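S.K.: You'll find target26.txt just under this line, and it carries compact mmCIF, C-alpha atoms.
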```txt
# COMPACT_ATOMS: atom_id res chain seq x y z
CA LYS A 8 20.57 3.93 -0.85
CA ALA A 9 18.23 6.35 0.93
CA GLY A 10 14.59 5.33 1.17
CA VAL A 11 11.46 7.25 0.32
CA THR A 12 11.16 10.39 2.39
CA GLN A 13 8.03 12.36 3.17
CA THR A 14 7.63 15.76 4.74
CA PRO A 15 6.20 16.85 7.00
CA ARG A 16 5.65 13.78 9.15
CA TYR A 17 2.82 15.30 11.15
CA LEU A 18 0.46 18.12 10.34
CA ILE A 19 -2.55 19.69 12.02
CA LYS A 20 -4.84 21.86 9.94
CA THR A 21 -8.23 23.47 10.30
CA ARG A 22 -11.28 22.77 8.13
CA GLY A 23 -11.28 24.88 5.01
CA GLN A 24 -7.50 25.27 4.86
CA GLN A 25 -5.32 23.69 2.23
CA VAL A 26 -2.24 21.53 2.67
CA THR A 27 0.72 20.41 0.58
CA LEU A 28 2.59 17.19 1.27
CA SER A 29 5.94 16.29 -0.24
CA CYS A 30 7.50 13.01 -1.27
CA SER A 31 11.05 12.34 -2.43
CA PRO A 32 11.41 8.94 -4.12
CA ILE A 33 14.34 6.58 -4.00
CA SER A 34 17.08 7.76 -6.34
CA GLY A 35 16.44 6.47 -9.84
CA HIS A 36 12.75 5.79 -9.28
CA ARG A 37 10.53 7.72 -11.64
CA SER A 38 7.11 6.47 -10.54
CA VAL A 39 5.51 7.95 -7.45
CA SER A 40 2.13 6.86 -6.14
CA TRP A 41 0.06 8.33 -3.32
CA TYR A 42 -2.29 6.49 -0.97
CA GLN A 43 -4.63 7.54 1.79
CA GLN A 44 -5.07 5.31 4.84
CA THR A 45 -7.99 5.75 7.23
CA PRO A 46 -9.49 3.35 9.77
CA GLY A 47 -12.83 3.38 7.95
CA GLN A 48 -11.79 3.13 4.30
CA GLY A 49 -8.44 1.41 4.63
CA LEU A 50 -5.72 2.03 2.06
CA GLN A 51 -6.95 3.81 -1.05
CA PHE A 52 -5.06 4.80 -4.17
CA LEU A 53 -5.03 8.53 -4.90
CA PHE A 54 -2.87 8.96 -8.01
CA GLU A 55 0.35 7.95 -9.69
CA TYR A 56 2.89 10.09 -11.49
CA PHE A 57 5.58 9.10 -13.90
CA SER A 58 7.94 11.50 -15.65
CA GLU A 59 5.89 14.50 -14.51
CA THR A 60 2.66 13.06 -15.92
CA GLN A 61 -0.30 11.72 -14.00
CA ARG A 62 -0.82 8.22 -15.33
CA ASN A 63 -3.49 6.90 -12.98
CA LYS A 64 -6.05 8.44 -10.72
CA GLY A 65 -8.22 7.01 -7.97
CA ASN A 66 -11.75 7.95 -7.02
CA PHE A 67 -11.14 11.08 -5.01
CA PRO A 68 -12.71 14.52 -5.45
CA GLY A 69 -10.95 17.26 -7.33
CA ARG A 70 -9.81 18.81 -4.04
CA PHE A 71 -7.03 16.26 -4.15
CA SER A 72 -4.36 17.06 -6.69
CA GLY A 73 -0.73 16.36 -7.24
CA ARG A 74 2.26 17.00 -9.39
CA GLN A 75 5.68 15.65 -10.07
CA PHE A 76 8.82 17.58 -10.75
CA SER A 77 11.65 16.83 -13.16
CA ASN A 78 13.72 15.32 -10.34
CA SER A 79 10.80 12.89 -9.65
CA ARG A 80 9.90 14.52 -6.35
CA SER A 81 6.16 14.74 -5.96
CA GLU A 82 3.73 16.87 -4.06
CA MET A 83 0.08 16.37 -3.30
CA ASN A 84 -2.28 19.14 -2.40
CA VAL A 85 -5.61 19.01 -0.64
CA SER A 86 -7.73 22.13 -0.79
CA THR A 87 -10.70 23.07 1.37
CA LEU A 88 -9.88 20.48 4.00
CA GLU A 89 -12.67 18.45 5.56
CA LEU A 90 -12.64 16.48 8.80
CA GLY A 91 -12.77 13.28 6.78
CA ASP A 92 -9.43 14.10 5.18
CA SER A 93 -7.70 13.23 8.44
CA ALA A 94 -5.55 10.27 7.50
CA LEU A 95 -2.11 8.85 7.02
CA TYR A 96 -0.90 9.79 3.54
CA LEU A 97 1.64 7.41 2.12
CA CYS A 98 3.70 7.77 -0.98
CA ALA A 99 5.46 4.96 -2.73
CA SER A 100 8.12 4.95 -5.39
CA SER A 101 9.12 2.32 -7.88
CA LEU A 102 11.16 1.64 -10.96
CA ASP A 103 8.96 1.32 -13.99
CA GLY A 104 9.56 -2.21 -15.17
CA PRO A 105 8.02 -5.65 -15.37
CA SER A 106 9.20 -6.88 -11.99
CA TYR A 107 9.33 -3.78 -9.85
CA GLU A 108 8.00 -3.34 -6.38
CA GLN A 109 6.68 -0.29 -4.60
CA TYR A 110 8.63 1.10 -1.67
CA PHE A 111 6.65 3.13 0.82
CA GLY A 112 7.70 6.21 2.71
CA PRO A 113 7.03 6.78 6.43
CA GLY A 114 3.86 8.73 5.71
CA THR A 115 2.44 12.09 6.71
CA ARG A 116 -0.15 12.02 9.47
CA LEU A 117 -2.69 14.77 8.72
CA THR A 118 -5.20 15.79 11.35
CA VAL A 119 -7.98 18.18 10.38
CA THR A 120 -9.79 19.93 13.25
CA GLU B 15 -14.83 -2.76 -9.82
CA LEU B 16 -11.82 -4.60 -8.49
CA LYS B 17 -12.29 -5.97 -5.00
CA VAL B 18 -9.65 -7.50 -2.80
CA GLU B 19 -10.86 -9.49 0.17
CA GLN B 20 -8.75 -10.78 3.00
CA ASN B 21 -9.71 -13.20 5.67
CA PRO B 22 -9.63 -13.43 8.50
CA LEU B 23 -9.72 -9.78 9.52
CA PHE B 24 -8.36 -10.61 12.95
CA LEU B 25 -6.25 -13.56 13.93
CA SER B 26 -5.18 -14.37 17.43
CA MET B 27 -2.78 -17.26 17.59
CA GLN B 28 -0.42 -18.85 20.02
CA GLU B 29 3.29 -18.94 19.55
CA GLY B 30 4.42 -22.05 17.76
CA LYS B 31 1.19 -22.53 15.81
CA ASN B 32 0.67 -22.40 12.05
CA TYR B 33 -1.97 -20.43 10.21
CA THR B 34 -2.87 -19.06 6.78
CA ILE B 35 -4.21 -15.69 5.67
CA TYR B 36 -6.22 -15.69 2.45
CA CYS B 37 -6.45 -12.98 -0.18
CA ASN B 38 -9.09 -13.21 -2.93
CA TYR B 39 -9.37 -10.70 -5.76
CA SER B 40 -11.95 -10.14 -8.41
CA THR B 41 -10.14 -9.24 -11.63
CA THR B 42 -7.28 -10.37 -13.78
CA SER B 43 -3.90 -9.69 -12.29
CA ASP B 44 -0.54 -11.34 -12.18
CA ARG B 45 1.00 -8.95 -9.72
CA LEU B 46 0.24 -9.43 -6.06
CA TYR B 47 2.01 -7.97 -3.07
CA TRP B 48 2.12 -8.66 0.63
CA TYR B 49 2.95 -5.92 3.08
CA ARG B 50 3.38 -5.73 6.82
CA GLN B 51 2.41 -2.70 8.88
CA ASP B 52 3.29 -2.14 12.52
CA PRO B 53 1.13 0.27 14.56
CA GLY B 54 1.74 3.86 13.55
CA LYS B 55 4.28 2.83 10.93
CA SER B 56 4.45 2.65 7.16
CA LEU B 57 4.20 -0.42 4.96
CA GLU B 58 7.06 -2.87 4.74
CA SER B 59 7.25 -4.97 1.59
CA LEU B 60 7.27 -8.70 2.30
CA PHE B 61 6.69 -10.42 -1.04
CA VAL B 62 6.09 -9.61 -4.68
CA LEU B 63 4.39 -12.43 -6.60
CA LEU B 64 4.48 -12.02 -10.36
CA SER B 65 3.23 -15.21 -11.93
CA ASN B 66 0.84 -18.08 -11.50
CA GLY B 67 2.23 -20.65 -9.11
CA ALA B 68 4.77 -18.24 -7.64
CA VAL B 69 5.88 -19.19 -4.15
CA LYS B 70 8.21 -17.15 -1.99
CA GLN B 71 9.47 -17.76 1.51
CA GLU B 72 11.20 -15.58 4.04
CA GLY B 73 11.75 -16.92 7.51
CA ARG B 74 8.46 -18.11 8.98
CA LEU B 75 6.37 -16.56 6.19
CA MET B 76 5.54 -18.13 2.85
CA ALA B 77 3.37 -16.59 0.16
CA SER B 78 1.86 -18.19 -2.91
CA LEU B 79 -0.21 -17.05 -5.88
CA ASP B 80 -2.82 -18.88 -7.93
CA THR B 81 -3.89 -16.48 -10.68
CA LYS B 82 -6.50 -18.87 -12.06
CA ALA B 83 -8.28 -19.03 -8.71
CA ARG B 84 -7.47 -15.35 -8.07
CA LEU B 85 -6.16 -16.35 -4.69
CA SER B 86 -3.01 -15.70 -2.71
CA THR B 87 -2.11 -17.14 0.65
CA LEU B 88 0.30 -16.04 3.34
CA HIS B 89 1.26 -18.98 5.52
CA ILE B 90 2.76 -18.48 8.93
CA THR B 91 4.82 -21.30 10.38
CA ALA B 92 5.54 -21.64 14.10
CA ALA B 93 4.44 -18.09 14.89
CA VAL B 94 6.47 -15.89 17.21
CA HIS B 95 5.42 -12.71 18.99
CA ASP B 96 7.54 -10.55 16.65
CA LEU B 97 5.19 -11.42 13.80
CA SER B 98 2.36 -9.49 15.46
CA ALA B 99 1.33 -6.78 12.98
CA THR B 100 -1.26 -6.03 10.33
CA TYR B 101 -0.73 -7.81 7.03
CA PHE B 102 -2.08 -6.46 3.76
CA CYS B 103 -2.29 -8.00 0.35
CA ALA B 104 -2.48 -5.69 -2.64
CA VAL B 105 -3.23 -6.31 -6.28
CA ASP B 106 -2.10 -4.36 -9.32
CA PRO B 107 -4.89 -4.71 -11.90
CA THR B 108 -2.68 -5.38 -14.92
CA PHE B 109 -3.75 -3.70 -18.10
CA TYR B 110 -2.92 -5.61 -21.30
CA GLY B 111 -0.02 -7.22 -19.45
CA GLY B 112 1.41 -3.97 -18.15
CA ALA B 113 1.35 -2.92 -14.53
CA THR B 114 -0.70 0.10 -13.59
CA ASN B 115 1.15 0.97 -10.36
CA LYS B 116 -2.32 1.42 -8.90
CA LEU B 117 -2.42 -0.99 -6.00
CA ILE B 118 -5.78 -2.07 -4.64
CA PHE B 119 -5.38 -3.15 -1.05
CA GLY B 120 -7.23 -5.72 0.98
CA THR B 121 -8.75 -4.82 4.31
CA GLY B 122 -5.78 -6.15 6.23
CA THR B 123 -5.43 -8.95 8.75
CA LEU B 124 -4.50 -7.99 12.29
CA LEU B 125 -2.32 -10.75 13.62
CA ALA B 126 -1.77 -11.05 17.36
CA VAL B 127 0.61 -13.76 18.46
CA GLN B 128 0.16 -14.65 22.11
CA PRO B 129 3.01 -16.11 24.14
```
Let me see the structure of the file written as structure tokens.

M.R.:
Amino acid sequence: KAGVTQTPRYLIKTRGQQVTLSCSPISGHRSVSWYQQTPGQGLQFLFEYFSETQRNKGNFPGRFSGRQFSNSRSEMNVSTLELGDSALYLCASSLDGPSYEQYFGPGTRLTVT
Amino acid sequence: ELKVEQNPLFLSMQEGKNYTIYCNYSTTSDRLYWYRQDPGKSLESLFVLLSNGAVKQEGRLMASLDTKARLSTLHITAAVHDLSATYFCAVDPTFYGGATNKLIFGTGTLLAVQP
């Protein structure tokens, strides 16, 4: 079974631009979560989608948004990029059940200059 | 606000020694996860602990969960260099018994095993 895939793997953007990251979950997984990892703040939850609906949201500004498609693939968008948005963005997928676990993708390394 | 604290933050140990990483959390949860991360890599799932008293072992690693004390431990037995990595615990703040899929991560423990 293929794992979680994320594209692109690396990205360099300029302040003020916007960016879209993509995540394809493991086949059959309907929950997709996004996390941001930085040296200063560690791993922080961004949001979670299930069946095209955002179920949970972390404490990030409105510049961070996401969506999920009917095939469970998810995208996250960051508008008006700031230097502090440079991070590793990880998505994770899981089955939605009582004893699931979250499987993480390889991540997208975003650098904002 | 849910807080997850790990200690130590950095652990340098010699091969063959034993040590324990501690993970304390501040709210009700019966879902705790341990992950490993190698430099520049993603997170690899090690253990999922779903109930009080749960204990799981894989190779030289053993994890346990005490939901009453809000404490999980990751015990390393006879460390080898290949175990060098950063280890994270993460808690899912269960909501009326249901998972939220919103993991709150600890700060991580950087483990360096010296030959």

S.K.: Using only C-alpha atoms, which chain B residues lie at most 10 Å away from chain A, written as a count of residues only?

M.R.: 27

S.K.: Can you tell me, as a compact mmCIF listing (two decimals) with C-alpha atoms, in the frame of the given file, which residues sit within 10 Å of (7.0, -15.5, 5.5) in the file's frame, using only C-alpha atoms?

M.R.:
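The new file point.txt reads:
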```txt
# COMPACT_ATOMS: atom_id res chain seq x y z
CA TRP B 48 2.12 -8.66 0.63
CA LEU B 60 7.27 -8.70 2.30
CA PHE B 61 6.69 -10.42 -1.04
CA LYS B 70 8.21 -17.15 -1.99
CA GLN B 71 9.47 -17.76 1.51
CA GLU B 72 11.20 -15.58 4.04
CA GLY B 73 11.75 -16.92 7.51
CA ARG B 74 8.46 -18.11 8.98
CA LEU B 75 6.37 -16.56 6.19
CA MET B 76 5.54 -18.13 2.85
CA ALA B 77 3.37 -16.59 0.16
CA LEU B 88 0.30 -16.04 3.34
CA HIS B 89 1.26 -18.98 5.52
CA ILE B 90 2.76 -18.48 8.93
CA THR B 91 4.82 -21.30 10.38
CA LEU B 97 5.19 -11.42 13.80
```

S.K.: Taking (-9.4, 23.5, 0.5) in the file's coordinates as the center, which residues reach within 9 Å of it, counting all atoms listed in the file, put as an MDAnalysis selection string?

M.R.: chainID A and resid 22:26 70:71 84:89

S.K.: Using all atoms listed in the file for the distances, tell me which of B:His95, B:Pro107, B:Ala126, B:Thr100 is nearest to B:Glu29.

M.R.: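 When distances to B:Glu29 are compared using all atoms listed in the file, the smallest one comes from B:His95.
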
S.K.: Write out as JSON, numbers by chain the residues lying within 8 Å of B:Tyr36, counting only C-alpha atoms and excluding same-chain residues fewer than 4 positions away.

M.R.: {"B": [20, 21, 22, 85, 86, 87, 88]}

S.K.: If you count all atoms listed in the file, which residues fall within 7 Å of A:Ala94, apart from same-chain ones fewer than 6 positions away, as a ChimeraX atom specification?

M.R.: /A:43-45,116-118

S.K.: If you count only C-alpha atoms, which residues fall within 6 Å of stretch 27-33 of chain A, apart from same-chain ones fewer than 4 positions away, as an mmCIF file with C-alpha atoms, in the frame of the given file?

M.R.:
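Output (out-v3.cif):
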```
data_model
loop_
_atom_site.group_PDB
_atom_site.id
_atom_site.type_symbol
_atom_site.label_atom_id
_atom_site.label_comp_id
_atom_site.auth_asym_id
_atom_site.auth_seq_id
_atom_site.Cartn_x
_atom_site.Cartn_y
_atom_site.Cartn_z
ATOM 1 C CA GLY A 10 14.590 5.330 1.170
ATOM 2 C CA VAL A 11 11.460 7.250 0.320
ATOM 3 C CA THR A 12 11.160 10.390 2.390
ATOM 4 C CA GLN A 13 8.030 12.360 3.170
ATOM 5 C CA THR A 14 7.630 15.760 4.740
ATOM 6 C CA ARG A 80 9.900 14.520 -6.350
ATOM 7 C CA SER A 81 6.160 14.740 -5.960
ATOM 8 C CA GLU A 82 3.730 16.870 -4.060
ATOM 9 C CA MET A 83 0.080 16.370 -3.300
ATOM 10 C CA ASN A 84 -2.280 19.140 -2.400
ATOM 11 C CA SER A 100 8.120 4.950 -5.390
#
```

S.K.: One number please: atom CA of A:Pro68 to atom CA of A:Pro15, in Å, one decimal.

M.R.: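 We find that atom CA of A:Pro68 and atom CA of A:Pro15 lie 22.8 Å from each other.
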
S.K.: What is the distance, in Å and to one decimal place, between atom CA of B:Asp106 and atom CA of B:Tyr33?

M.R.: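 So the two atoms, atom CA of B:Asp106 and atom CA of B:Tyr33, lie 25.3 Å apart.
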
S.K.: Quick one: residues within 6 Å of B:Lys31, all atoms listed in the file, excluding same-chain residues fewer than 2 positions away - as number ranges by chain?

M.R.: B: 28-29, 92-93

S.K.: Please measure the separation of atom CA of B:Gln128 and atom CA of B:Arg50, giving the value in Å to one decimal.

M.R.: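 We find that atom CA of B:Gln128 and atom CA of B:Arg50 lie 18.0 Å from each other.
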
S.K.: Given the choices A:Asn66, A:Asn78, A:Thr120, A:Thr60, which gets closest to A:Thr21 if the distance is worked out from only C-alpha atoms?

M.R.: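 Closest to A:Thr21, using only C-alpha atoms: A:Thr120.
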
S.K.: Enclose all atoms of stretch 48-53 of chain A listed in the file in an axis-aligned box, grow every side by 4 Å, and hand back centre and edge lengths in Å to one decimal, as lines of an AutoDock Vina configuration file.

M.R.:
```
center_x = -8.4
center_y = 5.0
center_z = -0.1
size_x = 14.8
size_y = 15.1
size_z = 17.5
```

S.K.: Keeping just N, CA, C and O atoms, export stretch 34-47 of chain A of this structure as an mmCIF file, in the first residue's frame.

M.R.:
```cif
data_model
loop_
_atom_site.group_PDB
_atom_site.id
_atom_site.type_symbol
_atom_site.label_atom_id
_atom_site.label_comp_id
_atom_site.auth_asym_id
_atom_site.auth_seq_id
_atom_site.Cartn_x
_atom_site.Cartn_y
_atom_site.Cartn_z
ATOM 1 N N SER A 34 -4.569 5.193 0.599
ATOM 2 C CA SER A 34 -5.851 4.770 0.052
ATOM 3 C C SER A 34 -6.777 4.262 1.161
ATOM 4 O O SER A 34 -6.386 3.439 1.992
ATOM 5 N N GLY A 35 -7.989 4.794 1.163
ATOM 6 C CA GLY A 35 -8.965 4.387 2.175
ATOM 7 C C GLY A 35 -9.004 5.292 3.392
ATOM 8 O O GLY A 35 -9.953 5.231 4.186
ATOM 9 N N HIS A 36 -7.993 6.118 3.560
ATOM 10 C CA HIS A 36 -7.988 7.058 4.685
ATOM 11 C C HIS A 36 -8.777 8.297 4.310
ATOM 12 O O HIS A 36 -8.536 8.906 3.271
ATOM 13 N N ARG A 37 -9.691 8.692 5.199
ATOM 14 C CA ARG A 37 -10.514 9.863 4.889
ATOM 15 C C ARG A 37 -10.165 11.084 5.739
ATOM 16 O O ARG A 37 -10.663 12.172 5.497
ATOM 17 N N SER A 38 -9.325 10.882 6.744
ATOM 18 C CA SER A 38 -8.917 12.013 7.586
ATOM 19 C C SER A 38 -7.522 12.457 7.185
ATOM 20 O O SER A 38 -6.605 11.641 7.076
ATOM 21 N N VAL A 39 -7.373 13.746 6.967
ATOM 22 C CA VAL A 39 -6.070 14.331 6.658
ATOM 23 C C VAL A 39 -5.833 15.498 7.607
ATOM 24 O O VAL A 39 -6.675 16.386 7.735
ATOM 25 N N SER A 40 -4.687 15.475 8.257
ATOM 26 C CA SER A 40 -4.306 16.554 9.168
ATOM 27 C C SER A 40 -3.031 17.211 8.660
ATOM 28 O O SER A 40 -2.205 16.553 8.023
ATOM 29 N N TRP A 41 -2.874 18.472 8.968
ATOM 30 C CA TRP A 41 -1.691 19.228 8.577
ATOM 31 C C TRP A 41 -0.996 19.764 9.821
ATOM 32 O O TRP A 41 -1.651 20.235 10.765
ATOM 33 N N TYR A 42 0.345 19.743 9.770
ATOM 34 C CA TYR A 42 1.155 20.239 10.878
ATOM 35 C C TYR A 42 2.285 21.096 10.318
ATOM 36 O O TYR A 42 2.783 20.860 9.221
ATOM 37 N N GLN A 43 2.674 22.070 11.116
ATOM 38 C CA GLN A 43 3.827 22.892 10.785
ATOM 39 C C GLN A 43 4.936 22.582 11.780
ATOM 40 O O GLN A 43 4.688 22.521 12.992
ATOM 41 N N GLN A 44 6.158 22.388 11.286
ATOM 42 C CA GLN A 44 7.282 22.144 12.178
ATOM 43 C C GLN A 44 8.355 23.198 11.961
ATOM 44 O O GLN A 44 8.862 23.358 10.841
ATOM 45 N N THR A 45 8.680 23.911 13.008
ATOM 46 C CA THR A 45 9.757 24.905 12.979
ATOM 47 C C THR A 45 10.664 24.670 14.173
ATOM 48 O O THR A 45 10.227 24.116 15.197
ATOM 49 N N PRO A 46 11.919 25.092 14.076
ATOM 50 C CA PRO A 46 12.836 24.914 15.212
ATOM 51 C C PRO A 46 12.355 25.645 16.464
ATOM 52 O O PRO A 46 12.541 25.160 17.577
ATOM 53 N N GLY A 47 11.715 26.785 16.300
ATOM 54 C CA GLY A 47 11.318 27.574 17.452
ATOM 55 C C GLY A 47 10.028 27.115 18.098
ATOM 56 O O GLY A 47 9.914 27.087 19.324
#
```
